[in-house]
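*Asks:* Quick one: structure below, then a few questions.
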Amino acid sequence: MTHIRLGVVLAAVVVAPGFSQDAIRSVLAEATKEVSSARIEATVRKLCDFGTRHPLSRTDSDTEGTGAARKWLKAAYEEIAKTSGGRLTVALQTAMVPCRRRSMPRQIEVVNVIATLRGTSDPDRIYVVGGHYDSRNGRGEDGVNLAPGAVDDASGTAVAMEACRVLSTREFAATIVFVAYDGEEQGLLGSKAHAQQMAADYAAVDGMITCDIVGNTLGMDGRRYRDFVRCFSYAPSGNDSFGRSLARAVSRGARQYVPDFRVKLIYRGDRYGRGGDHRSFFDQGYPAVRMTEPREDFSRQHQNVRPRDGKPYGDLPEFVDYAYSANVARVVVATLGELASAPPPPLVATARLARDAYDTEVFFKLPEGVDKYEFVWRETTEADWSHVVSMDQVTTKPSRGGRTMARLPDVCLDDVVVGVRTIAANGARSRVATPPEPDRFAQRPIGKTQPAAKKK
Ligand SMILES: [Zn+2]
């Protein structure tokens, strides 16, 4: 007898029974259509015009150096803020931070440009998207000579700004923060200051995406790679960190709203020997991922602008594929638009295999006021969720501590990963929350980032 497991295969059925056609889908389909490659190109070219955006470059000019660059970025975000009905606010975060790079001063000043789109009903929950606006050439400490940094990382800075332009004319339950980071090339200095500040404020960051190197599509092998973006995510152990859960939400965003473009999930924090601003958030226990083009061209990154062996070197704006960067921006818009429209993820306390059948019992707590949710599962070796089980298909009963126990028939927990996500009235889905693995290591539980107050 063929054994049929509960759950519909995701690709086949999109609308779960009992739910109307999701309103969020038309909102985000419209929004992703508004993303403009021409505006991304204009931003990248403008940033390259400042010559260098090295943290040690000029700050006393309106046309050259990092000071002029951030002045322009702040003004551009302020221009966007005018269309937001007063919900988008722009600020500079300035910090003196230690720098460990050779030939650099021990302390340097970094300045992040931060635009905050305040959420309408759940503003304390925060999503962050950033790129780094600082640049470098062949000499990491050179604050004087040309360092256009078009792909690395004017492209990511422009993607974050374009996502802001599109999202800030719309309303979202949670807050979305768009950042141009400083000092990435000198040791993730700007993002470290930002993430540390957020952790110190007990900010509930439910996801951070850094777009870093998202503009080159011509590989060093002469082939074009335009149809996907790599998404790197850290995990302290196993495959089911909060970061991995965010990565799967990013992949879902692409599948739903960016046709002919996909997210390649890479279950590794970053490329070999490289780092990015998502690391600063991961280090604070926040879910964070990195988006990077499929095949990097190392004659562009961290190079002086010059010809070598008849080949142009240097990170110049004419080598950026702006239509490609626009697709990355669409994935960001789709992902953050959906997550910020959804309720917070549930708290999944634990799961166990039933004693009398190969059923999975999940113990979870819904956020206040949330009554719609669904289960997903996949084999442990599958990269992404492959099955969805609607709440109508399970039996539930109240459990201790305000939790709910749901029983998923014929899902053998020991062999699979199960998860729960909440659903808004408009159909938006939260990031999936999973129970701890049996061999778990400590992770910061989301929604409970504030340590319990010490008893006096
Ligand atoms: Zn970079």
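The way I read the labels, and the way they are meant: chains A, B, ... in the order of the structure tokens, residue 1 as the first residue of every chain, and ligand 1 as the first ligand shown, with later ones counted on from there.
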Taking 5 positions as the minimum chain separation for residues in the same chain, which residues sit within 9 Å of Val110 in chain A when counting only C-alpha atoms? Answer as a PyMOL selection string.

*Replies:* chain A and resi 55+93-97+181-183+189-190+193

*Asks:* Quick one: which range 224-340 of chain A residues come within 6 Å of range 34-39 of chain A, and what is the nearest atom pair for each with the distance in Å to one decimal, counting only C-alpha atoms, rows ordered by chain and ascending number, as JSON lines?

*Replies:*
{"residue": "A:Tyr322", "atom": "CA", "partner": "A:Ser37", "partner_atom": "CA", "distance": 5.3}
{"residue": "A:Ala323", "atom": "CA", "partner": "A:Ser37", "partner_atom": "CA", "distance": 5.3}
{"residue": "A:Ala326", "atom": "CA", "partner": "A:Ser37", "partner_atom": "CA", "distance": 5.1}

*Asks:* List as a list in words the protein and nucleic acid residues lying within 10 Å of ligand 1, with only C-alpha atoms and all ligand atoms counted.

*Replies:*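 Those residues are Gly131, His132, Tyr133, Asp134, Ser135, Arg136, Gly149, Val151, Asp152, Asp153, Ala154, Ser155, Gly156, Gly183, Glu184, Glu185, Leu188, Thr210, Cys211, Asp212, Ile213, Val214, Arg274, Gly275, Gly276, Asp277, Thr292, Gln301 and His302 of chain A.
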
*Asks:* Hey, can you spit out that residue selection with N, CA and C atoms as a PDB file, in the first residue's frame?

*Replies:*
ATOM      1  N   GLY A 131      23.738  47.903   2.753  1.00  0.00           N
ATOM      2  CA  GLY A 131      24.903  47.688   1.912  1.00  0.00           C
ATOM      3  C   GLY A 131      25.968  48.563   2.528  1.00  0.00           C
ATOM      4  N   HIS A 132      27.236  48.404   2.130  1.00  0.00           N
ATOM      5  CA  HIS A 132      28.237  49.302   2.701  1.00  0.00           C
ATOM      6  C   HIS A 132      28.689  50.315   1.656  1.00  0.00           C
ATOM      7  N   TYR A 133      28.701  51.583   2.074  1.00  0.00           N
ATOM      8  CA  TYR A 133      29.057  52.626   1.107  1.00  0.00           C
ATOM      9  C   TYR A 133      30.545  52.910   1.091  1.00  0.00           C
ATOM     10  N   ASP A 134      31.288  52.435   2.093  1.00  0.00           N
ATOM     11  CA  ASP A 134      32.728  52.675   2.060  1.00  0.00           C
ATOM     12  C   ASP A 134      33.358  51.826   0.948  1.00  0.00           C
ATOM     13  N   SER A 135      34.496  52.279   0.447  1.00  0.00           N
ATOM     14  CA  SER A 135      35.162  51.571  -0.657  1.00  0.00           C
ATOM     15  C   SER A 135      36.660  51.521  -0.376  1.00  0.00           C
ATOM     16  N   ARG A 136      37.359  50.717  -1.128  1.00  0.00           N
ATOM     17  CA  ARG A 136      38.813  50.665  -1.012  1.00  0.00           C
ATOM     18  C   ARG A 136      39.411  50.281  -2.364  1.00  0.00           C
ATOM     19  N   GLY A 149      34.528  51.544  -6.159  1.00  0.00           N
ATOM     20  CA  GLY A 149      33.672  50.604  -5.412  1.00  0.00           C
ATOM     21  C   GLY A 149      32.268  50.500  -5.974  1.00  0.00           C
ATOM     22  N   VAL A 151      30.710  47.852  -7.715  1.00  0.00           N
ATOM     23  CA  VAL A 151      30.050  46.601  -7.326  1.00  0.00           C
ATOM     24  C   VAL A 151      30.177  46.407  -5.820  1.00  0.00           C
ATOM     25  N   ASP A 152      31.357  46.722  -5.290  1.00  0.00           N
ATOM     26  CA  ASP A 152      31.669  46.505  -3.867  1.00  0.00           C
ATOM     27  C   ASP A 152      31.849  47.848  -3.162  1.00  0.00           C
ATOM     28  N   ASP A 153      30.833  48.489  -2.599  1.00  0.00           N
ATOM     29  CA  ASP A 153      29.505  47.955  -2.593  1.00  0.00           C
ATOM     30  C   ASP A 153      28.496  49.081  -2.818  1.00  0.00           C
ATOM     31  N   ALA A 154      28.806  49.930  -3.860  1.00  0.00           N
ATOM     32  CA  ALA A 154      27.771  50.902  -4.237  1.00  0.00           C
ATOM     33  C   ALA A 154      26.531  50.142  -4.682  1.00  0.00           C
ATOM     34  N   SER A 155      26.726  48.951  -5.276  1.00  0.00           N
ATOM     35  CA  SER A 155      25.569  48.186  -5.773  1.00  0.00           C
ATOM     36  C   SER A 155      24.627  47.829  -4.625  1.00  0.00           C
ATOM     37  N   GLY A 156      25.172  47.311  -3.521  1.00  0.00           N
ATOM     38  CA  GLY A 156      24.317  46.940  -2.386  1.00  0.00           C
ATOM     39  C   GLY A 156      23.697  48.158  -1.717  1.00  0.00           C
ATOM     40  N   GLY A 183      32.811  51.654   6.859  1.00  0.00           N
ATOM     41  CA  GLY A 183      33.889  50.883   7.478  1.00  0.00           C
ATOM     42  C   GLY A 183      33.823  49.372   7.336  1.00  0.00           C
ATOM     43  N   GLU A 184      33.054  48.871   6.377  1.00  0.00           N
ATOM     44  CA  GLU A 184      32.970  47.407   6.222  1.00  0.00           C
ATOM     45  C   GLU A 184      34.328  46.830   5.864  1.00  0.00           C
ATOM     46  N   GLU A 185      35.005  47.511   4.948  1.00  0.00           N
ATOM     47  CA  GLU A 185      36.296  46.996   4.452  1.00  0.00           C
ATOM     48  C   GLU A 185      37.382  47.025   5.535  1.00  0.00           C
ATOM     49  N   LEU A 188      34.237  45.450   9.276  1.00  0.00           N
ATOM     50  CA  LEU A 188      32.788  45.480   9.566  1.00  0.00           C
ATOM     51  C   LEU A 188      32.457  46.507  10.646  1.00  0.00           C
ATOM     52  N   THR A 210      22.272  41.731   4.325  1.00  0.00           N
ATOM     53  CA  THR A 210      23.244  42.626   3.707  1.00  0.00           C
ATOM     54  C   THR A 210      23.365  42.273   2.234  1.00  0.00           C
ATOM     55  N   CYS A 211      23.314  43.311   1.408  1.00  0.00           N
ATOM     56  CA  CYS A 211      23.519  43.146  -0.029  1.00  0.00           C
ATOM     57  C   CYS A 211      24.929  43.659  -0.306  1.00  0.00           C
ATOM     58  N   ASP A 212      25.824  42.778  -0.597  1.00  0.00           N
ATOM     59  CA  ASP A 212      27.226  43.170  -0.735  1.00  0.00           C
ATOM     60  C   ASP A 212      27.799  42.440  -1.946  1.00  0.00           C
ATOM     61  N   ILE A 213      28.155  43.241  -2.985  1.00  0.00           N
ATOM     62  CA  ILE A 213      28.653  42.708  -4.258  1.00  0.00           C
ATOM     63  C   ILE A 213      27.486  42.061  -5.014  1.00  0.00           C
ATOM     64  N   VAL A 214      26.578  42.905  -5.484  1.00  0.00           N
ATOM     65  CA  VAL A 214      25.378  42.412  -6.158  1.00  0.00           C
ATOM     66  C   VAL A 214      25.190  43.085  -7.526  1.00  0.00           C
ATOM     67  N   ARG A 274      36.347  35.470   3.623  1.00  0.00           N
ATOM     68  CA  ARG A 274      35.691  36.758   3.417  1.00  0.00           C
ATOM     69  C   ARG A 274      34.676  37.004   4.521  1.00  0.00           C
ATOM     70  N   GLY A 275      34.278  38.262   4.653  1.00  0.00           N
ATOM     71  CA  GLY A 275      33.297  38.600   5.685  1.00  0.00           C
ATOM     72  C   GLY A 275      32.334  39.647   5.170  1.00  0.00           C
ATOM     73  N   GLY A 276      31.299  39.918   5.945  1.00  0.00           N
ATOM     74  CA  GLY A 276      30.324  40.939   5.560  1.00  0.00           C
ATOM     75  C   GLY A 276      29.533  41.408   6.767  1.00  0.00           C
ATOM     76  N   ASP A 277      28.722  42.427   6.539  1.00  0.00           N
ATOM     77  CA  ASP A 277      28.029  43.090   7.648  1.00  0.00           C
ATOM     78  C   ASP A 277      26.993  42.202   8.342  1.00  0.00           C
ATOM     79  N   THR A 292      24.954  37.884  -2.440  1.00  0.00           N
ATOM     80  CA  THR A 292      26.117  38.177  -3.281  1.00  0.00           C
ATOM     81  C   THR A 292      25.922  37.562  -4.663  1.00  0.00           C
ATOM     82  N   GLN A 301      37.261  43.878  -7.608  1.00  0.00           N
ATOM     83  CA  GLN A 301      37.227  44.177  -6.172  1.00  0.00           C
ATOM     84  C   GLN A 301      38.610  44.522  -5.628  1.00  0.00           C
ATOM     85  N   HIS A 302      38.646  45.584  -4.808  1.00  0.00           N
ATOM     86  CA  HIS A 302      39.861  45.942  -4.070  1.00  0.00           C
ATOM     87  C   HIS A 302      41.063  46.100  -5.010  1.00  0.00           C
TER      88      HIS A 302
END

*Asks:* Residues near Pro343 in chain A, anyone? I mean within 9 Å using only C-alpha atoms, not counting same-chain ones fewer than 4 positions away, as a list in words.

*Replies:*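 Listing them by chain and then by number gives Asp122, Ala173, Ala174, Leu339, Pro367, Val370, Arg421, Thr422, Ile423, Ala424, Ala428, Arg429 and Ser430 of chain A.
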
*Asks:* Could you go through range 392-439 of chain A and tell me which residues DSSP, when run on the backbone, assigns to helix (DSSP H, G or I), listing them as a PyMOL selection string?

*Replies:* chain A and resi 392-393+400-402+413-415

*Asks:* Export, as a compact mmCIF listing (two decimals), in the first residue's frame, the selected residues with N, CA and C atoms.

*Replies:*
# COMPACT_ATOMS: atom_id res chain seq x y z
N ASP A 392 -6.04 23.61 9.70
CA ASP A 392 -7.26 22.80 9.67
C ASP A 392 -6.96 21.30 9.65
N GLN A 393 -5.74 20.95 9.31
CA GLN A 393 -5.42 19.53 9.15
C GLN A 393 -4.84 18.90 10.41
N ARG A 400 0.58 23.45 28.78
CA ARG A 400 1.03 24.30 29.89
C ARG A 400 1.64 25.62 29.41
N GLY A 401 1.58 26.63 30.26
CA GLY A 401 2.25 27.90 30.00
C GLY A 401 1.68 28.67 28.82
N GLY A 402 0.38 28.50 28.58
CA GLY A 402 -0.25 29.21 27.48
C GLY A 402 0.13 28.68 26.11
N LEU A 413 8.91 12.89 13.33
CA LEU A 413 9.81 13.99 13.73
C LEU A 413 11.29 13.62 13.66
N ASP A 414 11.63 12.41 14.04
CA ASP A 414 13.05 12.04 14.10
C ASP A 414 13.74 12.14 12.74
N ASP A 415 12.95 12.07 11.66
CA ASP A 415 13.53 12.06 10.32
C ASP A 415 13.41 13.40 9.60

*Asks:* Env of Ser61 in chain A: 12 Å cut, atoms = only C-alpha atoms, seq-sep filter 5 positions within chain, self excluded. Answer as a list in words.

*Replies:* Phe50, Gly51, Thr66, Gly67, Ala68, Ala69, Arg70, Lys71 and Trp72 of chain A

*Asks:* Calculate how many Å separate CA of Glu64 in chain A from CA of Val44 in chain A, rounding to one decimal.

*Replies:* 14.8 Å

*Asks:* Please provide as an MDAnalysis selection string all residues within 9 Å of Cys99 in chain A, with the sequence filter that same-chain residues fewer than 6 positions apart are discarded (counting only C-alpha atoms).

*Replies:* chainID A and resid 105:108 186:187 189

*Asks:* Based on the backbone DSSP call, show me all residues of range 266-422 of chain A assigned strand (DSSP E), as a PyMOL selection string.

*Replies:* chain A and resi 266+288-292+306-308+311-313+347-353+360-365+373-379+387-390+395-398+404-408+416-422

*Asks:* Could those selected residues go to a file with N, CA and C atoms, as a compact mmCIF listing (two decimals), in the first residue's frame?

*Replies:*
# COMPACT_ATOMS: atom_id res chain seq x y z
N ILE A 266 23.01 28.96 0.31
CA ILE A 266 24.31 28.36 0.60
C ILE A 266 24.43 28.26 2.11
N ALA A 288 20.58 36.66 10.25
CA ALA A 288 21.20 37.55 9.26
C ALA A 288 21.73 36.76 8.09
N VAL A 289 21.57 37.33 6.89
CA VAL A 289 22.05 36.66 5.68
C VAL A 289 22.80 37.65 4.79
N ARG A 290 23.56 37.09 3.86
CA ARG A 290 24.30 37.89 2.91
C ARG A 290 23.89 37.52 1.49
N MET A 291 23.59 38.54 0.68
CA MET A 291 23.28 38.33 -0.74
C MET A 291 24.49 38.77 -1.56
N THR A 292 24.95 37.88 -2.44
CA THR A 292 26.12 38.18 -3.28
C THR A 292 25.92 37.56 -4.66
N ARG A 306 43.25 50.65 -13.29
CA ARG A 306 44.37 50.67 -14.22
C ARG A 306 44.19 49.55 -15.25
N PRO A 307 44.85 49.67 -16.40
CA PRO A 307 44.86 48.52 -17.30
C PRO A 307 45.97 47.56 -16.87
N ARG A 308 45.74 46.27 -17.00
CA ARG A 308 46.79 45.30 -16.73
C ARG A 308 46.67 44.18 -17.75
N LYS A 311 43.76 44.43 -19.92
CA LYS A 311 42.44 44.25 -19.32
C LYS A 311 42.21 45.37 -18.30
N PRO A 312 41.01 45.96 -18.31
CA PRO A 312 40.78 47.01 -17.33
C PRO A 312 40.58 46.43 -15.93
N TYR A 313 41.29 46.99 -14.96
CA TYR A 313 41.12 46.59 -13.56
C TYR A 313 40.42 47.72 -12.82
N LEU A 347 6.60 31.26 19.03
CA LEU A 347 7.67 30.69 19.83
C LEU A 347 7.45 29.18 19.84
N VAL A 348 8.34 28.47 19.21
CA VAL A 348 8.18 27.01 19.19
C VAL A 348 9.08 26.43 20.28
N ALA A 349 8.43 25.98 21.35
CA ALA A 349 9.18 25.60 22.53
C ALA A 349 9.87 24.25 22.34
N THR A 350 9.11 23.31 21.85
CA THR A 350 9.69 21.98 21.70
C THR A 350 8.81 21.14 20.78
N ALA A 351 9.32 19.98 20.43
CA ALA A 351 8.54 19.02 19.65
C ALA A 351 8.94 17.64 20.12
N ARG A 352 8.04 16.69 19.92
CA ARG A 352 8.41 15.32 20.27
C ARG A 352 7.63 14.35 19.38
N LEU A 353 8.18 13.18 19.26
CA LEU A 353 7.49 12.13 18.52
C LEU A 353 6.46 11.51 19.47
N THR A 360 3.92 13.80 14.95
CA THR A 360 4.75 14.79 15.61
C THR A 360 3.88 15.71 16.45
N GLU A 361 4.29 15.91 17.68
CA GLU A 361 3.60 16.85 18.55
C GLU A 361 4.47 18.10 18.71
N VAL A 362 3.89 19.23 18.34
CA VAL A 362 4.62 20.50 18.40
C VAL A 362 4.00 21.37 19.49
N PHE A 363 4.85 21.89 20.35
CA PHE A 363 4.38 22.78 21.43
C PHE A 363 4.82 24.19 21.10
N PHE A 364 3.84 25.07 20.92
CA PHE A 364 4.21 26.43 20.50
C PHE A 364 3.28 27.45 21.13
N LYS A 365 3.74 28.69 21.08
CA LYS A 365 2.96 29.79 21.65
C LYS A 365 2.81 30.85 20.57
N TYR A 373 -2.08 30.26 11.52
CA TYR A 373 -0.72 29.74 11.39
C TYR A 373 -0.75 28.50 10.52
N GLU A 374 0.40 28.03 10.16
CA GLU A 374 0.50 26.78 9.41
C GLU A 374 1.82 26.10 9.74
N PHE A 375 1.87 24.83 9.44
CA PHE A 375 3.09 24.06 9.68
C PHE A 375 3.78 23.79 8.36
N VAL A 376 5.09 23.69 8.43
CA VAL A 376 5.86 23.26 7.25
C VAL A 376 6.81 22.16 7.71
N TRP A 377 7.22 21.35 6.80
CA TRP A 377 8.26 20.37 7.14
C TRP A 377 9.06 20.00 5.92
N ARG A 378 10.19 19.39 6.18
CA ARG A 378 11.07 18.93 5.10
C ARG A 378 11.94 17.83 5.66
N GLU A 379 12.47 17.04 4.77
CA GLU A 379 13.47 16.06 5.18
C GLU A 379 14.69 16.83 5.72
N HIS A 387 6.87 20.78 2.32
CA HIS A 387 5.48 20.45 2.60
C HIS A 387 4.87 21.50 3.53
N VAL A 388 3.59 21.79 3.27
CA VAL A 388 2.87 22.69 4.16
C VAL A 388 1.61 21.98 4.67
N VAL A 389 1.32 22.16 5.94
CA VAL A 389 0.15 21.55 6.57
C VAL A 389 -0.66 22.68 7.19
N SER A 390 -1.89 22.86 6.70
CA SER A 390 -2.67 23.98 7.22
C SER A 390 -3.20 23.65 8.62
N THR A 395 -4.92 18.40 14.84
CA THR A 395 -5.70 18.55 16.07
C THR A 395 -4.84 19.29 17.08
N THR A 396 -5.46 20.18 17.83
CA THR A 396 -4.71 20.96 18.82
C THR A 396 -5.36 20.84 20.17
N LYS A 397 -4.56 21.04 21.19
CA LYS A 397 -5.14 21.21 22.51
C LYS A 397 -4.24 22.12 23.33
N PRO A 398 -4.85 22.83 24.31
CA PRO A 398 -4.05 23.73 25.13
C PRO A 398 -3.03 22.94 25.95
N THR A 404 0.19 25.88 22.91
CA THR A 404 -0.72 24.98 22.20
C THR A 404 0.06 23.75 21.79
N MET A 405 -0.57 22.57 21.90
CA MET A 405 0.05 21.37 21.37
C MET A 405 -0.71 20.98 20.11
N ALA A 406 0.03 20.85 19.01
CA ALA A 406 -0.60 20.42 17.76
C ALA A 406 -0.02 19.07 17.37
N ARG A 407 -0.89 18.24 16.85
CA ARG A 407 -0.44 16.89 16.47
C ARG A 407 -0.50 16.75 14.96
N LEU A 408 0.65 16.56 14.34
CA LEU A 408 0.73 16.40 12.88
C LEU A 408 0.77 14.90 12.58
N VAL A 416 12.63 14.32 10.15
CA VAL A 416 12.34 15.55 9.41
C VAL A 416 12.54 16.77 10.31
N VAL A 417 12.46 17.94 9.70
CA VAL A 417 12.44 19.19 10.46
C VAL A 417 11.05 19.78 10.30
N VAL A 418 10.40 20.09 11.41
CA VAL A 418 9.09 20.74 11.32
C VAL A 418 9.24 22.19 11.76
N GLY A 419 8.32 23.02 11.30
CA GLY A 419 8.34 24.42 11.69
C GLY A 419 6.93 24.99 11.68
N VAL A 420 6.77 26.14 12.30
CA VAL A 420 5.48 26.81 12.36
C VAL A 420 5.70 28.25 11.90
N ARG A 421 4.75 28.76 11.11
CA ARG A 421 4.80 30.19 10.82
C ARG A 421 3.41 30.78 10.99
N THR A 422 3.38 32.04 11.38
CA THR A 422 2.12 32.73 11.58
C THR A 422 1.67 33.38 10.28

*Asks:* Using only C-alpha atoms, pick whichever of A:Ala195, A:Val177, A:Val166, A:Leu336 has the shortest atom-to-atom distance to Ser251 in chain A.

*Replies:* A:Leu336

*Asks:* What is the distance, in Å and to one decimal place, between CA of Leu47 in chain A and CA of Pro287 in chain A?

*Replies:*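 Taking CA of Leu47 in chain A as the start and CA of Pro287 in chain A as the end point, the length is 28.9 Å.
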
*Asks:* Quick one: of A:Arg330, A:Arg355, A:Arg403, A:Lys46, who's nearest to Ala150 in chain A, counting only C-alpha atoms?

*Replies:*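 Comparing A:Arg330, A:Arg355, A:Arg403, A:Lys46 against Ala150 in chain A, the winner is A:Lys46.
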
*Asks:* How many Å separate CA of Arg230 in chain A from CA of Asn216 in chain A?

*Replies:*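 Distance reported for this atom pair: 12.6 Å.
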
*Asks:* If you count only C-alpha atoms, which residues fall within 7 Å of Ser57 in chain A, apart from same-chain ones fewer than 6 positions away, as JSON, numbers by chain?

*Replies:* {"A": [65, 66, 143, 144]}

*Asks:* Using N, CA and C atoms, can you write the selected residues to a file as an mmCIF file, in the first residue's frame?

*Replies:*
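The resulting file, again03.cif, is reproduced below:
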data_model
loop_
_atom_site.group_PDB
_atom_site.id
_atom_site.type_symbol
_atom_site.label_atom_id
_atom_site.label_comp_id
_atom_site.auth_asym_id
_atom_site.auth_seq_id
_atom_site.Cartn_x
_atom_site.Cartn_y
_atom_site.Cartn_z
ATOM 1 N N GLY A 65 35.175 62.334 -1.649
ATOM 2 C CA GLY A 65 35.458 61.657 -0.386
ATOM 3 C C GLY A 65 34.223 61.187 0.360
ATOM 4 N N THR A 66 34.498 60.504 1.462
ATOM 5 C CA THR A 66 33.426 59.843 2.202
ATOM 6 C C THR A 66 32.430 60.823 2.821
ATOM 7 N N GLY A 143 43.409 56.371 1.658
ATOM 8 C CA GLY A 143 42.214 57.217 1.735
ATOM 9 C C GLY A 143 42.234 58.350 0.726
ATOM 10 N N VAL A 144 43.176 58.319 -0.227
ATOM 11 C CA VAL A 144 43.351 59.450 -1.142
ATOM 12 C C VAL A 144 43.007 59.089 -2.588
#

*Asks:* Any idea what's packed within 10 Å of Ile114 in chain A, counting only C-alpha atoms, ignoring anything in its chain fewer than 3 positions away? Could you give it as an NGL selection string?

*Replies:* :A and (73-74 or 77 or 89-93 or 111 or 117 or 128 or 130 or 177-181 or 194)

*Asks:* I need the chosen residues saved as a short mmCIF file (atom, residue, chain, number, x, y, z; two decimals), in the first residue's frame, with C-alpha atoms.

*Replies:*
data_model
loop_
_atom_site.label_atom_id
_atom_site.label_comp_id
_atom_site.auth_asym_id
_atom_site.auth_seq_id
_atom_site.Cartn_x
_atom_site.Cartn_y
_atom_site.Cartn_z
CA LEU A 73 23.14 59.51 0.86
CA LYS A 74 21.43 61.27 3.75
CA TYR A 77 17.02 59.22 1.84
CA THR A 89 13.09 59.18 9.32
CA VAL A 90 16.76 59.57 8.48
CA ALA A 91 19.67 59.80 10.89
CA LEU A 92 23.44 59.47 11.00
CA GLN A 93 25.00 57.11 13.50
CA VAL A 111 29.25 57.15 10.13
CA LEU A 117 10.39 53.16 8.13
CA VAL A 128 17.24 45.59 8.48
CA GLY A 130 21.98 47.30 4.23
CA VAL A 177 15.49 49.90 8.55
CA PHE A 178 17.61 50.75 5.48
CA VAL A 179 21.29 51.35 6.11
CA ALA A 180 24.35 52.54 4.24
CA TYR A 181 27.17 51.14 6.37
CA HIS A 194 24.89 49.37 14.64
#
